[in-house]
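What follows is the content of data22.cif, which has mmCIF, C-alpha atoms and all ligand atoms:
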```cif
data_coords
#
loop_
_atom_site.label_atom_id
_atom_site.label_comp_id
_atom_site.auth_asym_id
_atom_site.auth_seq_id
_atom_site.Cartn_x
_atom_site.Cartn_y
_atom_site.Cartn_z
CA MET A 13 144.47 197.99 50.89
CA LYS A 14 146.06 196.13 48.02
CA PHE A 15 142.75 196.04 46.18
CA LYS A 16 142.45 199.79 46.51
CA LEU A 17 145.94 200.21 45.11
CA LEU A 18 145.04 198.04 42.16
CA ILE A 19 142.04 200.21 41.39
CA VAL A 20 144.19 203.32 41.60
CA ALA A 21 146.76 201.68 39.33
CA LEU A 22 144.10 200.66 36.81
CA PHE A 23 142.61 204.11 36.86
CA TRP A 24 146.03 205.64 36.24
CA PHE A 25 146.70 203.18 33.44
CA ASN A 26 143.38 204.04 31.84
CA GLN A 27 143.91 207.77 32.15
CA ASN A 28 147.25 207.53 30.42
CA PHE A 29 146.04 205.41 27.58
CA SER A 30 142.89 207.38 26.92
CA GLN A 31 145.07 210.34 26.01
CA THR A 32 146.22 210.44 22.45
CA ILE A 33 148.98 213.02 22.73
CA SER A 34 151.86 212.82 25.19
CA VAL A 35 152.70 215.83 27.35
CA GLU A 36 156.18 214.40 27.93
CA TYR A 37 157.01 214.36 24.23
CA ILE A 38 155.74 217.92 23.78
CA LYS A 39 157.98 219.01 26.66
CA LYS A 40 160.98 217.18 25.25
CA HIS A 41 160.72 218.71 21.76
CA ILE A 42 160.22 222.25 23.03
CA SER A 43 163.08 221.95 25.52
CA VAL A 44 165.48 220.77 22.80
CA LEU A 45 164.39 223.36 20.24
CA SER A 46 164.33 226.32 22.62
CA ASN A 47 167.63 225.48 24.30
CA ASP A 48 170.30 228.21 24.28
CA SER A 49 172.60 225.87 22.34
CA LEU A 50 170.41 226.39 19.26
CA GLN A 51 170.97 230.15 19.55
CA GLY A 52 167.45 231.14 18.63
CA ARG A 53 167.24 229.20 15.32
CA GLY A 54 167.92 232.22 13.06
CA THR A 55 167.30 231.44 9.36
CA GLY A 56 170.40 229.97 7.74
CA THR A 57 172.38 229.66 11.01
CA ILE A 58 174.11 226.65 12.58
CA GLY A 59 171.54 226.67 15.39
CA GLU A 60 168.74 226.37 12.88
CA ALA A 61 170.55 223.51 11.12
CA LYS A 62 170.74 221.70 14.50
CA ALA A 63 166.98 222.16 14.87
CA ALA A 64 166.47 220.78 11.33
CA ASN A 65 168.53 217.69 12.21
CA TYR A 66 166.55 217.10 15.38
CA ILE A 67 163.21 217.34 13.53
CA SER A 68 164.51 215.00 10.76
CA GLN A 69 165.52 212.42 13.36
CA GLU A 70 162.08 212.57 14.93
CA PHE A 71 160.43 212.16 11.50
CA LYS A 72 162.68 209.16 10.90
CA LYS A 73 161.79 207.51 14.25
CA ILE A 74 158.10 207.92 13.42
CA GLY A 75 158.69 206.34 10.01
CA LEU A 76 157.66 209.18 7.70
CA LYS A 77 158.84 208.97 4.12
CA PRO A 78 161.65 211.46 3.36
CA VAL A 79 160.48 213.51 0.39
CA GLY A 80 162.80 216.54 0.51
CA GLY A 81 164.92 215.05 -2.28
CA ASN A 82 167.95 212.69 -2.26
CA ASN A 83 166.25 210.46 0.26
CA SER A 84 166.32 213.28 2.82
CA TYR A 85 163.67 215.20 4.73
CA LEU A 86 165.54 218.43 4.02
CA LYS A 87 164.68 220.57 1.01
CA SER A 88 167.24 223.36 0.62
CA PHE A 89 166.54 226.86 -0.66
CA GLN A 90 168.42 230.11 -0.98
CA TYR A 91 167.19 233.48 0.06
CA LYS A 92 168.71 236.85 -0.78
CA GLN A 93 168.38 239.07 2.27
CA SER A 94 168.92 242.76 1.81
CA SER A 95 170.78 244.11 4.86
CA ASN A 96 168.96 247.43 4.69
CA PRO A 97 165.29 246.77 4.17
CA HIS A 98 164.20 250.17 5.51
CA GLY A 99 164.54 252.35 2.47
CA ALA A 100 168.25 252.96 1.86
CA SER A 101 169.17 253.60 -1.77
CA ASP A 102 170.10 250.55 -3.81
CA LYS A 103 173.81 251.20 -3.83
CA ASP A 104 173.93 251.17 0.00
CA THR A 105 172.07 247.89 0.22
CA ALA A 106 174.25 244.86 0.81
CA VAL A 107 172.77 241.50 -0.13
CA LYS A 108 173.40 238.46 2.00
CA ILE A 109 172.64 234.97 0.71
CA LEU A 110 171.02 232.73 3.29
CA ASN A 111 171.07 228.97 2.76
CA SER A 112 168.25 227.28 4.55
CA LYS A 113 165.84 224.39 4.26
CA ASN A 114 162.29 223.23 4.80
CA ILE A 115 161.73 219.80 6.37
CA ILE A 116 159.26 217.47 4.63
CA GLY A 117 157.94 214.05 5.67
CA PHE A 118 155.14 212.11 3.99
CA LEU A 119 152.65 209.62 5.37
CA ASP A 120 151.24 207.69 2.41
CA ASN A 121 147.83 206.04 2.87
CA ASN A 122 147.25 205.60 -0.91
CA SER A 123 144.64 208.32 -0.98
CA PRO A 124 144.09 210.78 -3.84
CA ASN A 125 143.93 213.55 -1.21
CA THR A 126 146.65 214.88 1.05
CA LEU A 127 146.30 217.01 4.15
CA ILE A 128 149.24 219.28 5.03
CA ILE A 129 150.14 219.86 8.68
CA GLY A 130 152.83 222.50 9.16
CA ALA A 131 154.66 224.96 11.43
CA HIS A 132 157.71 227.17 11.07
CA TYR A 133 160.85 226.19 13.00
CA ASP A 134 163.02 229.28 12.51
CA HIS A 135 163.06 232.17 14.98
CA LEU A 136 164.92 235.43 15.59
CA GLY A 137 168.41 234.16 16.53
CA PHE A 138 170.21 236.93 18.38
CA GLY A 139 167.55 239.44 17.40
CA ASP A 140 169.56 241.27 14.75
CA ASP A 141 167.07 241.22 11.86
CA GLN A 142 164.88 244.05 13.28
CA ASN A 143 162.00 241.74 14.19
CA SER A 144 162.79 241.66 17.90
CA LEU A 145 160.55 243.63 20.25
CA GLU A 146 163.23 243.82 22.96
CA ALA A 147 164.53 247.36 23.51
CA ASN A 148 168.19 246.31 23.07
CA PRO A 149 168.04 242.85 21.52
CA LYS A 150 171.53 242.49 20.10
CA GLY A 151 173.48 239.57 21.48
CA LYS A 152 170.49 238.15 23.38
CA ILE A 153 169.30 234.70 22.37
CA HIS A 154 165.65 234.68 21.31
CA ASN A 155 164.70 231.10 22.14
CA GLY A 156 161.18 231.18 20.71
CA ALA A 157 159.72 228.43 22.89
CA ASP A 158 156.18 229.45 21.99
CA ASP A 159 157.17 231.02 18.61
CA ASN A 160 157.41 228.41 17.27
CA ALA A 161 159.01 225.42 19.01
CA SER A 162 155.46 224.80 20.26
CA GLY A 163 154.11 224.46 16.69
CA VAL A 164 156.97 222.16 15.66
CA ALA A 165 156.28 219.90 18.66
CA GLY A 166 152.70 219.87 17.37
CA VAL A 167 153.78 218.74 13.87
CA ILE A 168 155.95 215.92 15.29
CA GLU A 169 153.28 214.65 17.69
CA LEU A 170 150.49 214.81 15.10
CA ALA A 171 152.77 212.86 12.74
CA ARG A 172 153.20 210.22 15.45
CA TYR A 173 149.46 210.09 16.08
CA PHE A 174 148.39 209.77 12.43
CA SER A 175 151.15 207.20 11.74
CA ASN A 176 149.53 204.98 14.37
CA SER A 177 145.93 205.42 13.29
CA LYS A 178 143.88 204.35 10.29
CA SER A 179 143.06 207.17 7.95
CA LYS A 180 141.53 207.80 4.55
CA SER A 181 143.92 210.65 3.80
CA ASN A 182 147.65 211.06 3.15
CA TYR A 183 149.52 213.55 5.31
CA LEU A 184 152.40 215.81 4.46
CA PHE A 185 154.23 217.09 7.54
CA LEU A 186 156.14 220.31 6.96
CA CYS A 187 158.45 222.50 9.02
CA PHE A 188 159.30 225.82 7.38
CA SER A 189 162.29 228.10 7.68
CA GLY A 190 162.41 231.84 6.95
CA GLU A 191 158.94 232.53 8.35
CA GLU A 192 160.14 235.38 10.53
CA LEU A 193 161.79 237.06 7.51
CA GLY A 194 158.47 237.01 5.61
CA LEU A 195 157.03 233.49 5.09
CA ILE A 196 160.04 232.67 2.86
CA GLY A 197 160.15 228.87 3.33
CA SER A 198 156.43 228.31 2.77
CA LYS A 199 156.48 230.54 -0.35
CA LYS A 200 159.43 228.57 -1.73
CA PHE A 201 157.52 225.36 -1.01
CA VAL A 202 154.31 226.33 -2.83
CA ASP A 203 156.20 227.91 -5.76
CA ASN A 204 158.23 224.76 -6.41
CA SER A 205 157.25 223.08 -9.67
CA ASP A 206 156.76 219.67 -7.94
CA PHE A 207 154.00 221.06 -5.78
CA GLU A 208 150.49 220.15 -6.97
CA PRO A 209 147.87 222.26 -5.14
CA ALA A 210 145.03 220.22 -6.70
CA LYS A 211 146.00 217.16 -4.64
CA ILE A 212 145.92 219.05 -1.34
CA ASN A 213 142.71 218.92 0.64
CA ALA A 214 143.65 221.55 3.24
CA MET A 215 146.59 223.02 5.12
CA ILE A 216 146.68 223.18 8.91
CA ASN A 217 149.16 225.64 10.41
CA MET A 218 150.25 225.94 14.03
CA ASP A 219 152.13 229.06 15.05
CA MET A 220 152.33 229.73 18.80
CA ILE A 221 150.13 227.11 20.43
CA GLY A 222 152.04 226.87 23.72
CA ARG A 223 150.53 229.61 25.84
CA LEU A 224 146.92 228.57 26.42
CA ASN A 225 145.45 230.60 29.26
CA ASP A 226 143.74 228.10 31.58
CA SER A 227 141.24 230.61 32.90
CA THR A 228 140.09 232.23 29.62
CA LYS A 229 140.63 229.04 27.53
CA LYS A 230 140.79 231.25 24.44
CA LEU A 231 141.94 229.65 21.21
CA MET A 232 142.15 231.60 17.96
CA VAL A 233 141.29 229.73 14.75
CA TYR A 234 141.93 231.65 11.54
CA GLY A 235 140.86 230.73 8.01
CA VAL A 236 137.43 229.30 8.87
CA GLY A 237 135.98 231.12 5.84
CA THR A 238 138.29 229.37 3.36
CA SER A 239 136.02 226.32 3.05
CA PRO A 240 132.25 226.04 3.65
CA SER A 241 132.82 222.95 5.85
CA PHE A 242 135.12 224.59 8.34
CA VAL A 243 132.88 226.54 10.73
CA ASN A 244 130.70 223.50 11.49
CA ASN A 245 133.64 221.15 11.91
CA VAL A 246 135.62 223.55 14.06
CA GLU A 247 132.62 224.26 16.31
CA ASN A 248 131.36 220.66 16.53
CA ALA A 249 134.77 219.28 17.49
CA ASN A 250 135.13 221.80 20.30
CA THR A 251 134.33 220.66 23.84
CA TYR A 252 136.76 222.81 25.84
CA PHE A 253 137.93 226.10 24.31
CA LYS A 254 136.44 229.53 24.05
CA LEU A 255 136.99 229.84 20.31
CA VAL A 256 137.76 233.12 18.59
CA LEU A 257 137.12 232.49 14.89
CA ASP A 258 138.42 234.56 12.00
CA SER A 259 137.38 233.83 8.44
CA SER A 260 140.37 235.28 6.57
CA GLY A 261 142.89 233.04 4.81
CA VAL A 262 145.52 235.78 4.96
CA GLY A 263 147.39 236.26 8.22
CA PRO A 264 150.88 236.70 9.60
CA SER A 265 151.98 233.07 9.21
CA ASP A 266 152.66 230.32 6.67
CA HIS A 267 149.04 229.29 6.00
CA THR A 268 148.82 232.48 3.88
CA SER A 269 151.18 230.97 1.27
CA PHE A 270 148.80 228.01 0.82
CA TYR A 271 145.63 230.09 0.84
CA LEU A 272 147.06 232.16 -2.02
CA LYS A 273 147.28 228.88 -4.02
CA ASN A 274 143.52 228.35 -3.45
CA ILE A 275 143.92 225.75 -0.70
CA PRO A 276 141.57 225.83 2.33
CA VAL A 277 143.58 226.70 5.46
CA LEU A 278 143.16 226.65 9.22
CA HIS A 279 145.60 228.36 11.56
CA PHE A 280 145.72 227.71 15.33
CA PHE A 281 147.10 230.21 17.83
CA THR A 282 146.79 230.44 21.64
CA GLY A 283 147.22 234.22 21.66
CA GLN A 284 149.64 237.09 22.14
CA HIS A 285 151.69 237.65 25.28
CA PRO A 286 154.27 240.16 26.52
CA ASP A 287 157.16 237.73 25.75
CA TYR A 288 156.30 237.73 22.04
CA HIS A 289 159.46 238.25 19.94
CA LYS A 290 161.52 238.82 23.08
CA PRO A 291 164.37 236.82 24.66
CA SER A 292 161.92 235.91 27.45
CA ASP A 293 159.81 233.60 25.21
CA ASP A 294 161.14 230.61 27.16
CA LEU A 295 160.37 227.02 28.04
CA GLU A 296 159.19 227.62 31.61
CA LYS A 297 156.26 229.73 30.38
CA ILE A 298 154.81 227.00 28.16
CA ASN A 299 151.49 225.39 29.10
CA PHE A 300 152.25 221.79 28.06
CA VAL A 301 148.87 220.36 29.07
CA GLY A 302 147.20 223.25 27.24
CA GLU A 303 149.15 222.37 24.09
CA GLN A 304 148.12 218.72 24.46
CA LYS A 305 144.48 219.86 24.51
CA VAL A 306 145.00 221.99 21.38
CA LEU A 307 146.55 219.01 19.53
CA GLU A 308 143.77 216.64 20.58
CA TYR A 309 141.27 219.21 19.33
CA ILE A 310 143.09 219.45 15.97
CA ILE A 311 142.97 215.62 15.70
CA ASP A 312 139.19 215.72 16.15
CA ILE A 313 138.83 218.38 13.44
CA VAL A 314 141.09 216.41 11.04
CA LYS A 315 139.01 213.26 11.62
CA LYS A 316 135.86 215.18 10.69
CA ILE A 317 137.52 216.63 7.56
CA ASP A 318 138.75 213.16 6.56
CA THR A 319 135.23 211.71 6.53
CA GLU A 320 134.05 214.32 4.00
CA PRO A 321 134.65 214.53 0.23
CA LYS A 322 137.44 216.86 -0.92
CA LEU A 323 136.91 220.30 0.59
CA GLU A 324 135.62 223.16 -1.46
CA PHE A 325 137.83 226.27 -1.46
CA LYS A 326 136.38 229.72 -0.85
CA LYS A 327 138.09 233.08 -1.20
CA THR A 328 137.75 235.30 1.85
CA ARG A 329 137.48 239.08 2.00
CA ASP A 330 140.33 241.20 0.66
CA SER A 331 143.01 238.63 0.12
CA ASN A 332 145.35 240.94 -1.77
CA ASN A 333 148.42 241.53 0.36
CA ASP A 334 149.53 244.40 -1.86
CA ASN A 335 146.65 246.50 -0.56
CA ALA A 336 147.81 246.09 3.04
CA PRO A 337 149.07 249.34 4.57
CA LYS A 338 152.86 249.78 4.51
CA PHE A 339 154.51 251.17 7.63
CA LYS A 340 157.35 253.58 8.07
CA VAL A 341 156.90 253.71 11.85
CA THR A 342 155.98 251.42 14.73
CA LEU A 343 154.26 252.23 17.99
CA GLY A 344 155.96 249.46 19.96
CA ILE A 345 152.91 247.74 21.38
CA MET A 346 151.74 244.16 21.25
CA PRO A 347 148.05 244.12 20.31
CA ASP A 348 145.72 241.62 21.93
CA TYR A 349 144.39 239.92 18.79
CA SER A 350 141.72 238.12 20.76
CA PHE A 351 140.12 241.38 21.94
CA GLU A 352 136.60 241.63 20.51
CA GLY A 353 135.61 245.14 21.62
CA LYS A 354 135.99 248.45 19.80
CA GLY A 355 139.58 249.68 19.44
CA VAL A 356 142.94 247.94 19.83
CA LYS A 357 143.77 246.51 23.24
CA VAL A 358 147.39 246.67 24.35
CA ASP A 359 148.76 243.38 25.56
CA GLY A 360 152.36 244.52 26.01
CA VAL A 361 154.51 247.63 25.61
CA SER A 362 158.09 247.48 24.34
CA ASP A 363 160.59 249.50 26.36
CA ASN A 364 161.78 252.81 24.94
CA LYS A 365 159.54 252.75 21.88
CA PRO A 366 157.03 255.55 21.00
CA ALA A 367 154.10 254.00 22.92
CA PHE A 368 156.29 253.46 26.00
CA ASN A 369 157.55 257.05 25.86
CA ALA A 370 153.98 258.33 25.50
CA GLY A 371 152.94 256.48 28.67
CA VAL A 372 150.83 253.72 27.09
CA LYS A 373 150.22 250.85 29.54
CA LYS A 374 149.33 247.20 29.19
CA GLY A 375 145.53 246.94 29.27
CA ASP A 376 144.92 250.30 27.55
CA ILE A 377 142.54 250.29 24.59
CA ILE A 378 143.65 252.57 21.74
CA ILE A 379 140.60 254.35 20.27
CA LYS A 380 142.10 257.31 18.40
CA LEU A 381 145.39 258.04 16.65
CA GLY A 382 145.69 261.59 15.31
CA ASN A 383 142.38 262.34 13.58
CA LEU A 384 141.67 258.69 12.91
CA GLU A 385 139.17 256.71 14.97
CA VAL A 386 140.71 253.35 15.80
CA THR A 387 137.95 250.75 15.78
CA ASP A 388 139.92 247.57 14.98
CA MET A 389 143.33 246.26 13.82
CA ARG A 390 142.69 247.48 10.29
CA SER A 391 142.07 251.11 11.19
CA TYR A 392 144.98 250.97 13.65
CA MET A 393 147.30 249.80 10.88
CA GLN A 394 145.94 252.54 8.60
CA GLY A 395 146.80 255.07 11.34
CA LEU A 396 150.36 253.77 11.45
CA ALA A 397 150.66 253.77 7.66
CA ASP A 398 149.62 257.46 7.66
CA SER A 399 152.35 258.38 10.16
CA LYS A 400 156.02 259.08 9.53
CA LYS A 401 159.14 259.34 11.64
CA GLY A 402 159.23 262.56 13.68
CA ASP A 403 155.41 263.06 13.66
CA THR A 404 153.80 263.90 16.98
CA LYS A 405 150.16 262.83 17.23
CA GLU A 406 147.44 262.69 19.82
CA LEU A 407 146.69 259.21 21.02
CA VAL A 408 143.48 258.51 22.94
CA VAL A 409 143.30 255.36 25.04
CA LYS A 410 140.57 253.95 27.28
CA ARG A 411 142.07 253.16 30.66
CA ASN A 412 139.87 251.77 33.43
CA GLY A 413 136.83 252.99 31.52
CA LYS A 414 138.07 256.58 31.15
CA ASP A 415 139.51 258.31 28.07
CA GLU A 416 143.13 259.43 28.49
CA LEU A 417 144.77 261.81 26.04
CA LEU A 418 148.44 261.05 25.38
CA LYS A 419 150.97 262.48 22.94
CA VAL A 420 153.04 260.08 20.90
CA THR A 421 156.15 260.95 18.90
CA PHE A 422 157.24 258.46 16.25
ZN ZN A 501 155.84 232.44 14.56
#
```
Mind converting the file's structure to C-alpha cells?
Amino acid sequence: MKFKLLIVALFWFNQNFSQTISVEYIKKHISVLSNDSLQGRGTGTIGEAKAANYISQEFKKIGLKPVGGNNSYLKSFQYKQSSNPHGASDKDTAVKILNSKNIIGFLDNNSPNTLIIGAHYDHLGFGDDQNSLEANPKGKIHNGADDNASGVAGVIELARYFSNSKSKSNYLFLCFSGEELGLIGSKKFVDNSDFEPAKINAMINMDMIGRLNDSTKKLMVYGVGTSPSFVNNVENANTYFKLVLDSSGVGPSDHTSFYLKNIPVLHFFTGQHPDYHKPSDDLEKINFVGEQKVLEYIIDIVKKIDTEPKLEFKKTRDSNNDNAPKFKVTLGIMPDYSFEGKGVKVDGVSDNKPAFNAGVKKGDIIIKLGNLEVTDMRSYMQGLADSKKGDTKELVVKRNGKDELLKVTF
C-alpha cells in the first residue's frame, strides 16, 4: 500500500516538474488583472496604473532589468484623444490628454540579437470609448480577462521561463497601453529614438490566448509570411493544435507596429467569442490549461528561432493600412476569424445593432451585402465601407445550408 502511494507521489512529482509553465501563476495574474477593482484597465486610468504596478512587481520578482528609464519598468507617454472621433467638425472636437505608460523589462544574455515578447494590458474601462460591443455599455466594467489579461499573464510567465533557462538570445518583455484606442503604446515604443529595429530578431505578440476550445483545438497564428523561417518552425513545433495560419504582418494588434518597422512578427490568438469587448469577458471563462499549452508551444517555437541565424524579414501582401476600407457604419456582429469557408461566419450578434434588428443569428454565414458578394473578411469590410447610416440593404446569409434573405438598416 505504501509502495503504491510512493509511486503515485513520484508520478505526481514528475508530472509537475515536466511542465514548464505553471497553471497556478497564469490563474493568479489573470484574476488580479481582471478584478473589478482595476475597473477594466482603461488607458490612462487609475485602474490601469494599478495593473502597471502589478506587472512591474512581477518583472522585479523575476529579476528583469528595468529599462523604461529612471531605473523603472515604466515608460510614460502622452496621447491626445479626440472626444468626437466620428466626424464632428473641428471646433466641436474636445481633446483630452491621456497619460499612460508601456512596461519594459530586459533579459540580457549578451547576445547581438534580441527577441521581443509582448502583449497589451489596457482594456475598455467602463466601455465609454465606443469600442464596447455591449448594447448599453456605460457604467459596466469591462474586465477583459481574455482581452488581454491572458496575454499579459503570458508575457510574465515566458519572462520567468526564459530567465531560468540558457539562451543564445536577449529578450525584451513588453506590456503596451493604448492598444484598444489604436495600437498607441506600441507605436510610441517603435517611434522612440532609442529603439533600434536592426537589433531585433522578431516580435512575438499575444492578444487573447485564454479561450482555447478543447474540442476544436484551433489556434490562430498570424504573421507567418513575415520571415521565410516561420512556417516550418511554427508547424514543426506543433504537436497539439489545429493551426490556422495567416501570412500577413498587419492585423488588429500590436505586432503590426513592429512589422511596419520591417521586423518579423508572430501573433497568437485562440479565437473570437461572444464575450469579446463585452463586460462578460471574465475570469471564469478562461481555459487556464489551454493557455499553458499555448505558452509551452510558443517556448518551443522560440527555441527553434534561437538556434537559427538572425531571421530574414519579408514583406507580406498589401501592408499599407491607408488602403484599408474606412467605415461609417457597423453591422454589430462578431466574425469568426477562424472560419475557412466562403463568406463571413457570425460568431456573435450584439444586441440592438443593425444585424440584430435584421434577424441575423450566431452561426449564420454572410454571403451577400447589397449587390456585393461577400467571400471573405476583405469583401465584407468593403461592403461596410460602401454603406452609410440610414441605408437599407439586402443581406443574404446561409443558415443551416439554406439561403435566407434579410433586410438590414444601418
Ligand atoms: Zn486585445
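Of the residues listed (A:Ser260, A:Asn182, A:Ser162, A:Asn213), A:Asn182 shows the shortest atom-to-atom separation from Lys77 in chain A; distances use only C-alpha atoms.
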Quiz item: Val277 in chain A: which residues within 6 Å, counting all atoms listed in the file, same-chain residues fewer than 6 positions away excluded, as a list in words?
Solution: Ala214, Met215, Ile216 and Gly235 of chain A
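Pairwise distance (CA of Met220 in chain A, CA of Tyr37 in chain A) equals 17.0 Å.
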Quiz item: When you draw a straight line from CA of Gly80 in chain A to CA of Ile115 in chain A, how long is it in Å?
Solution: 6.8 Å
Quiz prompt | Local residues around (159.5, 236.9, 23.8), at most 9 Å away, using only C-alpha atoms, as number ranges by chain | solution = A: 144-146, 154-159, 285-294
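Among the candidate residues A:Ile311, A:Leu257, A:Val164, A:Ala64, the one lying nearest to Ser179 in chain A is A:Ile311, with distances computed using all atoms listed in the file.
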Exercise. Please provide as an MDAnalysis selection string all residues within 8 Å of range 203-210 of chain A, with the sequence filter that same-chain residues fewer than 5 positions apart are discarded (counting all atoms listed in the file).
Key: chainID A and resid 273:275
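Considering only C-alpha atoms, the residue among A:Leu272, A:Leu184, A:Ala147, A:Val420 positioned nearest to Leu119 in chain A is A:Leu184.
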Quiz item: Given the choices A:Ser177, A:Leu136, A:Glu247, A:Glu296, which gets closest to Pro149 in chain A if the distance is worked out from only C-alpha atoms?
Solution: A:Leu136
Counting only C-alpha atoms and all ligand atoms, what are the residues of chain A within 7 Å of ligand ZN 501 (chain A), and for each of them which pair of atoms is the nearest and at what distance in Å, to one decimal? Sort the table by chain and rising number, as JSON lines.
```
{"residue": "A:His132", "atom": "CA", "partner": "A:ZN501", "partner_atom": "ZN", "distance": 6.6}
{"residue": "A:Asp159", "atom": "CA", "partner": "A:ZN501", "partner_atom": "ZN", "distance": 4.5}
{"residue": "A:Asn160", "atom": "CA", "partner": "A:ZN501", "partner_atom": "ZN", "distance": 5.1}
{"residue": "A:Glu191", "atom": "CA", "partner": "A:ZN501", "partner_atom": "ZN", "distance": 6.9}
{"residue": "A:Glu192", "atom": "CA", "partner": "A:ZN501", "partner_atom": "ZN", "distance": 6.6}
{"residue": "A:Asp219", "atom": "CA", "partner": "A:ZN501", "partner_atom": "ZN", "distance": 5.0}
{"residue": "A:Met220", "atom": "CA", "partner": "A:ZN501", "partner_atom": "ZN", "distance": 6.1}
{"residue": "A:Ser265", "atom": "CA", "partner": "A:ZN501", "partner_atom": "ZN", "distance": 6.6}
```
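We find CA of Phe325 in chain A and CA of Ser239 in chain A to be spaced 4.9 Å apart.
Minimum atom-to-atom distances from A:Ser43, A:Thr421, A:Ser241, A:Ser399 to Leu323 in chain A were compared using all atoms listed in the file, and the lowest value belongs to A:Ser241.
In this comparison, which uses all atoms listed in the file, the residue of A:Ser189, A:Gln93, A:Ser391, A:Asn250 approaching Ala131 in chain A most closely is A:Ser189.
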Write out as JSON an axis-aligned box for range 304-316 of chain A: all of its atoms listed in the file, 8 Å added on each side, centre and edge lengths in Å with one decimal.
```
{"center_x": 142.0, "center_y": 217.6, "center_z": 17.6, "size_x": 28.3, "size_y": 24.7, "size_z": 29.8}
```
Exercise. Fewer than 2 positions away in the same chain doesn't count, so skip those; otherwise give me all residues within 7 Å of Gln90 in chain A, counting all atoms listed in the file, as a PyMOL selection string.
Key: chain A and resi 92+109-112
Could you save the residues just selected, with C-alpha atoms, as a PDB file, in the coordinates of the input?
```pdb
ATOM      1  CA  LYS A  92     168.710 236.850  -0.780  1.00  0.00           C
ATOM      2  CA  ILE A 109     172.640 234.970   0.710  1.00  0.00           C
ATOM      3  CA  LEU A 110     171.020 232.730   3.290  1.00  0.00           C
ATOM      4  CA  ASN A 111     171.070 228.970   2.760  1.00  0.00           C
ATOM      5  CA  SER A 112     168.250 227.280   4.550  1.00  0.00           C
TER       6      SER A 112
END
```
Exercise. Compile the contact shell of Val246 in chain A as a PyMOL selection string: residues with an atom at most 9 Å away, counting all atoms listed in the file, same-chain residues fewer than 2 positions apart removed.
Key: chain A and resi 233+236+241-244+248-250+255+309-310+312-313
Exercise. Find the residues around Val356 in chain A up to 9 Å (only C-alpha atoms counted), leave out those fewer than 3 positions away in its own chain, and share them as a list in words.
Key: Pro347, Asp348, Tyr349, Phe351, Glu352, Gly353, Asp376, Ile377, Ile378, Ile379, Val386, Thr387, Asp388, Met389 and Tyr392 of chain A
Is it possible to get the residues within 9 Å of (142.5, 222.3, 21.6) (coordinates as in the file, counting only C-alpha atoms) written as a tab-separated table (two decimals) with C-alpha atoms, keeping the file's coordinate frame?
```tsv
chain	number	residue	atom	x	y	z
A	231	LEU	CA	141.94	229.65	21.21
A	250	ASN	CA	135.13	221.80	20.30
A	251	THR	CA	134.33	220.66	23.84
A	252	TYR	CA	136.76	222.81	25.84
A	253	PHE	CA	137.93	226.10	24.31
A	280	PHE	CA	145.72	227.71	15.33
A	302	GLY	CA	147.20	223.25	27.24
A	303	GLU	CA	149.15	222.37	24.09
A	304	GLN	CA	148.12	218.72	24.46
A	305	LYS	CA	144.48	219.86	24.51
A	306	VAL	CA	145.00	221.99	21.38
A	307	LEU	CA	146.55	219.01	19.53
A	308	GLU	CA	143.77	216.64	20.58
A	309	TYR	CA	141.27	219.21	19.33
A	310	ILE	CA	143.09	219.45	15.97
A	311	ILE	CA	142.97	215.62	15.70
```
